$ cat input05.tsv   # TSV, C-alpha atoms and all ligand atoms
chain	number	residue	atom	x	y	z
A	7	MET	CA	-3.64	6.24	21.65
A	8	LYS	CA	-6.74	8.28	22.38
A	9	ASN	CA	-7.54	10.11	19.18
A	10	ILE	CA	-7.49	7.52	16.46
A	11	PRO	CA	-8.40	9.09	13.11
A	12	ASN	CA	-10.84	7.27	10.84
A	13	GLN	CA	-9.05	8.30	7.65
A	14	ILE	CA	-5.27	8.72	7.49
A	15	ALA	CA	-3.83	10.38	4.38
A	16	MET	CA	-0.14	9.80	3.78
A	17	ASP	CA	1.65	11.60	0.97
A	18	GLY	CA	5.24	12.21	0.00
A	19	THR	CA	7.92	11.97	-2.65
A	20	ALA	CA	9.02	8.77	-4.43
A	21	ALA	CA	10.62	6.25	-2.05
A	22	SER	CA	10.11	8.48	1.01
A	23	GLY	CA	8.93	5.43	3.00
A	24	LYS	CA	5.17	5.94	2.59
A	25	THR	CA	4.44	2.30	1.83
A	26	THR	CA	6.54	0.77	4.61
A	27	VAL	CA	5.38	3.27	7.23
A	28	GLY	CA	1.76	3.18	6.03
A	29	LYS	CA	1.67	-0.62	6.30
A	30	ILE	CA	2.98	-0.54	9.88
A	31	VAL	CA	0.39	2.07	10.91
A	32	ALA	CA	-2.48	0.23	9.18
A	33	GLU	CA	-1.53	-3.12	10.66
A	34	LYS	CA	-1.34	-1.77	14.20
A	35	LEU	CA	-4.74	-0.08	13.91
A	36	GLY	CA	-6.35	-2.99	12.03
A	37	TYR	CA	-7.06	-0.62	9.12
A	38	LEU	CA	-7.04	-1.18	5.38
A	39	PHE	CA	-3.74	-0.15	3.77
A	40	PHE	CA	-4.30	1.26	0.32
A	41	ASP	CA	-1.42	2.28	-1.96
A	42	THR	CA	-2.78	4.50	-4.73
A	43	GLY	CA	0.61	4.50	-6.51
A	44	ILE	CA	-0.17	0.90	-7.52
A	45	MET	CA	-3.20	2.13	-9.47
A	46	TYR	CA	-1.07	4.58	-11.45
A	47	ARG	CA	1.47	1.83	-12.04
A	48	VAL	CA	-1.26	-0.52	-13.38
A	49	ALA	CA	-2.50	2.29	-15.63
A	50	ALA	CA	1.02	2.94	-17.00
A	51	TYR	CA	1.85	-0.74	-17.44
A	52	GLY	CA	-1.50	-1.56	-19.08
A	53	ALA	CA	-1.39	1.42	-21.45
A	54	TYR	CA	2.16	0.62	-22.49
A	55	GLN	CA	1.32	-3.05	-23.13
A	56	LYS	CA	-1.59	-2.08	-25.36
A	57	LEU	CA	-0.20	0.97	-27.15
A	58	HIS	CA	3.62	0.55	-26.96
A	59	ASP	CA	3.73	4.32	-26.55
A	60	ILE	CA	2.18	6.49	-23.88
A	61	SER	CA	2.48	9.90	-25.50
A	62	ASP	CA	-1.12	10.15	-26.77
A	63	GLU	CA	-3.12	11.31	-23.77
A	64	LYS	CA	-6.52	10.56	-25.32
A	65	LYS	CA	-5.61	6.97	-26.26
A	66	VAL	CA	-3.98	6.29	-22.88
A	67	SER	CA	-7.03	7.63	-21.04
A	68	GLU	CA	-9.38	5.45	-23.09
A	69	VAL	CA	-7.31	2.35	-22.33
A	70	VAL	CA	-7.24	3.18	-18.61
A	71	GLU	CA	-10.99	3.83	-18.46
A	72	SER	CA	-11.67	0.40	-20.01
A	73	MET	CA	-9.27	-1.57	-17.79
A	74	ASP	CA	-10.57	-4.36	-15.63
A	75	ILE	CA	-8.46	-4.16	-12.45
A	76	ALA	CA	-8.99	-6.64	-9.61
A	77	LEU	CA	-7.19	-7.08	-6.28
A	78	GLU	CA	-6.87	-10.58	-4.86
A	79	ASN	CA	-5.61	-11.34	-1.37
A	80	ASP	CA	-3.15	-14.22	-1.35
A	81	THR	CA	-3.55	-15.30	2.26
A	82	VAL	CA	-0.86	-17.99	1.97
A	83	ASN	CA	1.92	-15.56	1.02
A	84	GLY	CA	0.38	-12.52	2.72
A	85	VAL	CA	0.41	-10.35	-0.41
A	86	THR	CA	-2.24	-8.61	-2.49
A	87	ASN	CA	-2.12	-9.63	-6.13
A	88	VAL	CA	-3.11	-7.18	-8.85
A	89	LEU	CA	-4.95	-8.67	-11.81
A	90	LEU	CA	-5.24	-6.70	-15.03
A	91	ASP	CA	-7.85	-8.17	-17.38
A	92	GLY	CA	-7.45	-11.43	-15.46
A	93	GLN	CA	-3.65	-11.56	-15.69
A	94	ASN	CA	-1.52	-11.37	-12.52
A	95	ILE	CA	0.86	-8.44	-13.08
A	96	THR	CA	1.92	-7.83	-9.45
A	97	ASP	CA	5.62	-8.49	-10.00
A	98	ARG	CA	5.82	-6.20	-13.06
A	99	LEU	CA	4.57	-3.03	-11.39
A	100	HIS	CA	7.89	-1.93	-9.87
A	101	LEU	CA	10.08	-2.73	-12.87
A	102	PRO	CA	12.39	0.14	-13.93
A	103	GLU	CA	10.44	0.35	-17.24
A	104	VAL	CA	7.29	1.22	-15.29
A	105	ASP	CA	9.17	3.68	-13.03
A	106	LYS	CA	10.22	5.58	-16.15
A	107	ILE	CA	6.75	6.14	-17.63
A	108	VAL	CA	4.43	6.23	-14.63
A	109	SER	CA	4.67	9.92	-13.79
A	110	THR	CA	3.82	10.86	-17.39
A	111	VAL	CA	0.66	8.73	-17.29
A	112	ALA	CA	-0.17	10.05	-13.78
A	113	ALA	CA	-0.12	13.62	-15.13
A	114	TYR	CA	-2.96	12.99	-17.61
A	115	PRO	CA	-6.12	14.63	-16.18
A	116	ALA	CA	-8.57	11.99	-17.49
A	117	VAL	CA	-6.46	9.18	-15.98
A	118	ARG	CA	-6.43	11.00	-12.62
A	119	ALA	CA	-10.17	11.64	-12.75
A	120	ALA	CA	-10.91	7.93	-13.29
A	121	LEU	CA	-8.58	6.72	-10.54
A	122	THR	CA	-9.40	9.47	-8.02
A	123	MET	CA	-13.07	8.51	-8.17
A	124	GLN	CA	-12.28	4.91	-7.23
A	125	GLN	CA	-9.90	6.01	-4.46
A	126	ARG	CA	-12.52	8.32	-2.91
A	127	LYS	CA	-15.01	5.44	-2.73
A	128	ILE	CA	-12.49	3.34	-0.82
A	129	GLY	CA	-11.67	6.29	1.47
A	130	LEU	CA	-15.31	6.84	2.33
A	131	ARG	CA	-15.51	3.39	3.91
A	132	GLY	CA	-13.14	4.71	6.62
A	133	ARG	CA	-10.64	2.83	8.80
A	134	VAL	CA	-8.11	3.34	6.06
A	135	VAL	CA	-4.50	4.42	5.62
A	136	MET	CA	-4.24	5.69	2.06
A	137	VAL	CA	-0.87	6.60	0.58
A	138	GLY	CA	0.01	8.58	-2.55
A	139	ARG	CA	0.78	12.11	-3.71
A	140	ASP	CA	-2.56	13.93	-3.54
A	141	ILE	CA	-4.46	12.05	-0.84
A	142	GLY	CA	-4.50	14.91	1.70
A	143	THR	CA	-5.09	17.59	-0.93
A	144	VAL	CA	-7.53	15.99	-3.39
A	145	VAL	CA	-8.64	12.42	-2.64
A	146	MET	CA	-9.47	12.75	1.08
A	147	PRO	CA	-9.26	16.50	1.84
A	148	ASP	CA	-11.34	15.94	4.99
A	149	ALA	CA	-9.11	13.20	6.45
A	150	GLU	CA	-8.64	13.69	10.21
A	151	MET	CA	-4.93	12.97	9.95
A	152	LYS	CA	-2.61	14.01	7.14
A	153	ILE	CA	1.05	13.04	7.06
A	154	TYR	CA	3.63	14.17	4.51
A	155	LEU	CA	6.90	12.23	4.42
A	156	GLU	CA	10.07	13.78	3.08
A	157	ALA	CA	13.69	12.64	2.69
A	158	SER	CA	16.65	13.76	0.59
A	159	PRO	CA	16.88	12.32	-2.96
A	160	GLU	CA	20.13	10.57	-1.97
A	161	THR	CA	18.56	8.78	1.02
A	162	ARG	CA	15.59	7.73	-1.10
A	163	ALA	CA	17.76	6.46	-3.97
A	164	LYS	CA	19.84	4.45	-1.49
A	165	ARG	CA	16.68	2.86	-0.04
A	166	ARG	CA	15.28	2.01	-3.48
A	167	TYR	CA	18.64	0.58	-4.59
A	168	GLN	CA	18.78	-1.72	-1.53
A	169	GLU	CA	15.14	-2.73	-2.04
A	170	ASN	CA	15.86	-3.62	-5.69
A	171	LEU	CA	18.88	-5.72	-4.67
A	172	SER	CA	16.76	-7.63	-2.18
A	173	LYS	CA	14.31	-8.39	-5.02
A	174	HIS	CA	17.19	-9.37	-7.34
A	175	ILE	CA	16.52	-6.42	-9.66
A	176	GLU	CA	20.05	-5.42	-10.66
A	177	SER	CA	19.53	-3.61	-13.94
A	178	GLU	CA	19.88	-0.13	-12.44
A	179	THR	CA	22.80	1.54	-10.69
A	180	TYR	CA	22.39	3.86	-7.69
A	181	GLU	CA	23.10	6.83	-10.00
A	182	MET	CA	20.36	5.79	-12.45
A	183	ILE	CA	17.84	5.44	-9.63
A	184	LEU	CA	18.82	8.84	-8.20
A	185	ALA	CA	18.35	10.51	-11.60
A	186	ASP	CA	14.96	8.81	-12.03
A	187	ILE	CA	13.78	9.87	-8.56
A	188	ILE	CA	14.75	13.51	-9.18
A	189	LYS	CA	12.96	13.47	-12.55
A	190	ARG	CA	9.81	11.85	-11.13
A	191	ASP	CA	9.64	14.31	-8.21
A	192	LYS	CA	9.88	17.19	-10.69
A	193	ASN	CA	7.09	15.72	-12.89
A	194	ASP	CA	4.89	15.03	-9.85
A	195	ARG	CA	5.41	18.52	-8.39
A	196	GLU	CA	5.02	20.47	-11.60
A	197	ARG	CA	1.98	18.82	-13.16
A	198	THR	CA	-1.13	21.00	-13.41
A	199	VAL	CA	-3.64	18.58	-11.92
A	200	ALA	CA	-3.21	17.46	-8.29
A	201	PRO	CA	0.53	18.21	-8.02
A	202	LEU	CA	2.56	16.69	-5.21
A	203	ARG	CA	2.51	19.06	-2.23
A	204	PRO	CA	1.71	18.82	1.48
A	205	ALA	CA	-1.85	19.79	2.44
A	206	ASP	CA	-1.95	22.99	4.53
A	207	ASP	CA	-2.92	20.93	7.59
A	208	ALA	CA	-0.45	18.06	7.02
A	209	VAL	CA	2.24	17.13	9.55
A	210	ILE	CA	5.57	17.01	7.70
A	211	ILE	CA	8.03	14.34	8.86
A	212	HIS	CA	11.63	14.19	7.60
A	213	THR	CA	12.58	10.52	7.54
A	214	ASP	CA	16.31	10.64	6.62
A	215	GLU	CA	17.50	9.85	10.13
A	216	TYR	CA	14.77	7.39	11.12
A	217	THR	CA	13.76	3.83	10.43
A	218	ALA	CA	10.22	3.12	9.25
A	219	ALA	CA	9.30	1.82	12.73
A	220	GLU	CA	10.52	5.07	14.30
A	221	VAL	CA	8.51	7.18	11.86
A	222	ALA	CA	5.43	5.07	12.66
A	223	GLU	CA	6.05	5.77	16.36
A	224	GLN	CA	6.11	9.51	15.64
A	225	ILE	CA	2.74	9.13	13.90
A	226	PHE	CA	1.23	7.17	16.81
A	227	ALA	CA	2.51	9.89	19.18
A	228	LEU	CA	0.33	12.37	17.25
A	229	MET	CA	-2.72	10.29	18.24
A	230	ASP	CA	-2.14	10.71	21.99
B	301	LIG	O1	4.28	5.90	-4.97
B	301	LIG	P1	4.71	5.31	-6.31
B	301	LIG	O2	6.16	5.54	-6.63
B	301	LIG	O3	4.34	3.86	-6.46
B	301	LIG	O4	3.86	6.13	-7.38
B	301	LIG	C1	4.00	5.90	-8.75
B	301	LIG	C2	3.66	7.16	-9.54
B	301	LIG	O5	2.26	7.44	-9.44
B	301	LIG	C3	4.41	8.42	-9.13
B	301	LIG	O6	5.15	8.94	-10.22
B	301	LIG	C4	3.35	9.42	-8.76
B	301	LIG	C5	2.06	8.82	-9.17
B	301	LIG	N1	1.03	8.95	-8.13
B	301	LIG	C6	0.21	10.04	-8.20
B	301	LIG	O7	0.38	10.89	-9.08
B	301	LIG	N2	-0.80	10.18	-7.30
B	301	LIG	C7	-0.98	9.28	-6.33
B	301	LIG	N3	-1.99	9.45	-5.46
B	301	LIG	C8	-0.12	8.17	-6.22
B	301	LIG	C9	0.90	8.02	-7.14
$ encode --input "input05.tsv" --output "structure tokens"
Amino acid sequence: MKNIPNQIAMDGTAASGKTTVGKIVAEKLGYLFFDTGIMYRVAAYGAYQKLHDISDEKKVSEVVESMDIALENDTVNGVTNVLLDGQNITDRLHLPEVDKIVSTVAAYPAVRAALTMQQRKIGLRGRVVMVGRDIGTVVMPDAEMKIYLEASPETRAKRRYQENLSKHIESETYEMILADIIKRDKNDRERTVAPLRPADDAVIIHTDEYTAAEVAEQIFALMD
């Protein structure tokens, strides 16, 4: 690898493999892996806990702006814990209930403004692989490398279903997950602020036929 970019932006649809691939790339380069989807999940979870309803944009935005979010590295188990107002909520962030409301909260402009600002600060430090929906277009438009991962809704639903089974989350069928993925993609693509789309200079990789390790290899090949 000769041309190693300082900032790597990785975007794509729900369950396209961004997190798994991004982690492999970051680990190999010794870079920080930063999943911005987690921030939107914390925002959605926290707003719902406080308000029991996320339809009032102004109230949701106020709650999100006042949240105290901390990340804590658990070196024993090798995971990063997310603390919201001091409470560890890591294992709640991928619950189906959060999946259902997160794209609504992520479409609120004031929520995006607050979170984008924090993400930019982290990006500016460099040596980072940042994954999300608008990293190449809005958060780090000057990133030296931009990757956009794509896969069919069916492949992505299958992956999420298997992932849920491995975590003993069995409340959702494959069909329910597929419907949710299609709905979230639509919300993410059609929102007015920072919609999901590849940056003009992004490399688009279709991941249906490849494992995460193989996709990571394709990304490293771009650095030669
Ligand atoms: O990647 P994920 O499924 O954890 O993302 C959760 C939601 O957050 C998804 O509906 C899109 C939204 N999101 C976003 O709008 N912008 C980002 N940079 C990251 C995630």
$ residues_around --input "input05.tsv" --residues "region 143-151 of chain A" --least-positions-apart "3" --cutoff "6 Å" --atoms "all atoms listed in the file" --output "list in words"
Pro11, Gln13, Ile14, Arg126, Asp140 and Ala205 of chain A
$ closest_atom_pairs --input "input05.tsv" --of "chain A" --to "ligand LIG 301 (chain B)" --cutoff "6 Å" --atoms "all atoms listed in the file" --output "Markdown table"
| residue | atom | partner | partner_atom | distance |
| --- | --- | --- | --- | --- |
| A:Ala20 | CA | B:LIG301 | O2 | 4.8 |
| A:Thr42 | CA | B:LIG301 | C8 | 4.8 |
| A:Gly43 | CA | B:LIG301 | C9 | 3.6 |
| A:Ile44 | CA | B:LIG301 | O3 | 5.5 |
| A:Tyr46 | CA | B:LIG301 | O5 | 4.8 |
| A:Arg47 | CA | B:LIG301 | C1 | 5.8 |
| A:Val108 | CA | B:LIG301 | O6 | 5.2 |
| A:Ser109 | CA | B:LIG301 | O6 | 3.7 |
| A:Ala112 | CA | B:LIG301 | O7 | 4.8 |
| A:Gly138 | CA | B:LIG301 | N3 | 3.6 |
| A:Arg139 | CA | B:LIG301 | N3 | 4.2 |
| A:Asp140 | CA | B:LIG301 | N3 | 4.9 |
| A:Ile141 | CA | B:LIG301 | N3 | 5.8 |
| A:Arg190 | CA | B:LIG301 | O6 | 5.6 |
| A:Asp194 | CA | B:LIG301 | C4 | 5.9 |
$ axis_aligned_box --input "input05.tsv" --around "region 91-108 of chain A" --padding-each-side "6 Å" --output "AutoDock Vina command-line options"
--center_x 2.3 --center_y -2.7 --center_z -13.5 --size_x 32.2 --size_y 29.8 --size_z 20.2
$ closest_atom_pairs --input "input05.tsv" --of "region 19-127 of chain A" --to "region 213-226 of chain A" --cutoff "12 Å" --atoms "only C-alpha atoms" --output "Markdown table"
| residue | atom | partner | partner_atom | distance |
| --- | --- | --- | --- | --- |
| A:Thr19 | CA | A:Thr213 | CA | 11.3 |
| A:Ala21 | CA | A:Thr213 | CA | 10.7 |
| A:Ser22 | CA | A:Thr213 | CA | 7.3 |
| A:Gly23 | CA | A:Ala218 | CA | 6.8 |
| A:Lys24 | CA | A:Ala218 | CA | 8.8 |
| A:Thr25 | CA | A:Ala218 | CA | 9.4 |
| A:Thr26 | CA | A:Ala218 | CA | 6.4 |
| A:Val27 | CA | A:Ala218 | CA | 5.2 |
| A:Gly28 | CA | A:Ala222 | CA | 7.8 |
| A:Lys29 | CA | A:Ala222 | CA | 9.3 |
| A:Ile30 | CA | A:Ala222 | CA | 6.7 |
| A:Val31 | CA | A:Ala222 | CA | 6.1 |
| A:Ala32 | CA | A:Ala222 | CA | 9.9 |
| A:Glu33 | CA | A:Ala222 | CA | 10.9 |
| A:Lys34 | CA | A:Phe226 | CA | 9.7 |
| A:Leu35 | CA | A:Phe226 | CA | 9.8 |
$ closest_residue --input "input05.tsv" --among "A:Tyr37, A:Tyr154, A:Tyr54, A:Tyr167" --to "Ile187 (chain A)" --atoms "all atoms listed in the file"
A:Tyr167
$ residues_near_point --input "input05.tsv" --point "(-6.3, 10.5, 18.4)" --cutoff "8 Å" --atoms "only C-alpha atoms" --output "ChimeraX atom specification"
/A:7-11,228-230
$ closest_residue --input "input05.tsv" --among "A:Asp91, A:Val134, A:Val85, A:Ala116" --to "Lys64 (chain A)" --atoms "only C-alpha atoms"
A:Ala116
$ atom_distance --input "input05.tsv" --atom1 "CA of Val117 (chain A)" --atom2 "CA of Val70 (chain A)"
6.6 Å
$ atom_distance --input "input05.tsv" --atom1 "CA of Val111 (chain A)" --atom2 "CA of Ser72 (chain A)"
15.1 Å
$ closest_residue --input "input05.tsv" --among "A:Ala113, A:Met16, A:Leu38, A:Met182" --to "Arg197 (chain A)" --atoms "only C-alpha atoms"
A:Ala113
$ atom_distance --input "input05.tsv" --atom1 "CA of Ile153 (chain A)" --atom2 "CA of Asp17 (chain A)"
6.3 Å
$ residues_around --input "input05.tsv" --residues "Glu103 (chain A)" --least-positions-apart "6" --cutoff "12 Å" --atoms "all atoms listed in the file" --output "list in words"
Arg47, Ala50, Tyr51, Tyr54, Gln55, His58, Ser109, Ile175, Ser177, Glu178, Ile183 and Asp186 of chain A
$ decode --input "input05.tsv" --residues "region 208-222 of chain A" --atoms "C-alpha atoms" --output "PDB file, in the first residue's frame"
ATOM      1  CA  ALA A 208     -16.760   7.934  -4.483  1.00  0.00           C
ATOM      2  CA  VAL A 209     -15.778   4.426  -5.569  1.00  0.00           C
ATOM      3  CA  ILE A 210     -18.946   2.307  -5.600  1.00  0.00           C
ATOM      4  CA  ILE A 211     -18.521  -1.337  -4.544  1.00  0.00           C
ATOM      5  CA  HIS A 212     -21.324  -3.902  -4.887  1.00  0.00           C
ATOM      6  CA  THR A 213     -20.895  -6.332  -2.009  1.00  0.00           C
ATOM      7  CA  ASP A 214     -23.553  -9.006  -2.765  1.00  0.00           C
ATOM      8  CA  GLU A 215     -21.048 -11.573  -3.983  1.00  0.00           C
ATOM      9  CA  TYR A 216     -18.221 -10.808  -1.558  1.00  0.00           C
ATOM     10  CA  THR A 217     -17.348 -11.373   2.064  1.00  0.00           C
ATOM     11  CA  ALA A 218     -16.367  -8.382   4.198  1.00  0.00           C
ATOM     12  CA  ALA A 219     -12.694  -9.460   4.023  1.00  0.00           C
ATOM     13  CA  GLU A 220     -12.861  -9.524   0.221  1.00  0.00           C
ATOM     14  CA  VAL A 221     -14.418  -6.057   0.082  1.00  0.00           C
ATOM     15  CA  ALA A 222     -11.663  -4.787   2.400  1.00  0.00           C
TER      16      ALA A 222
END
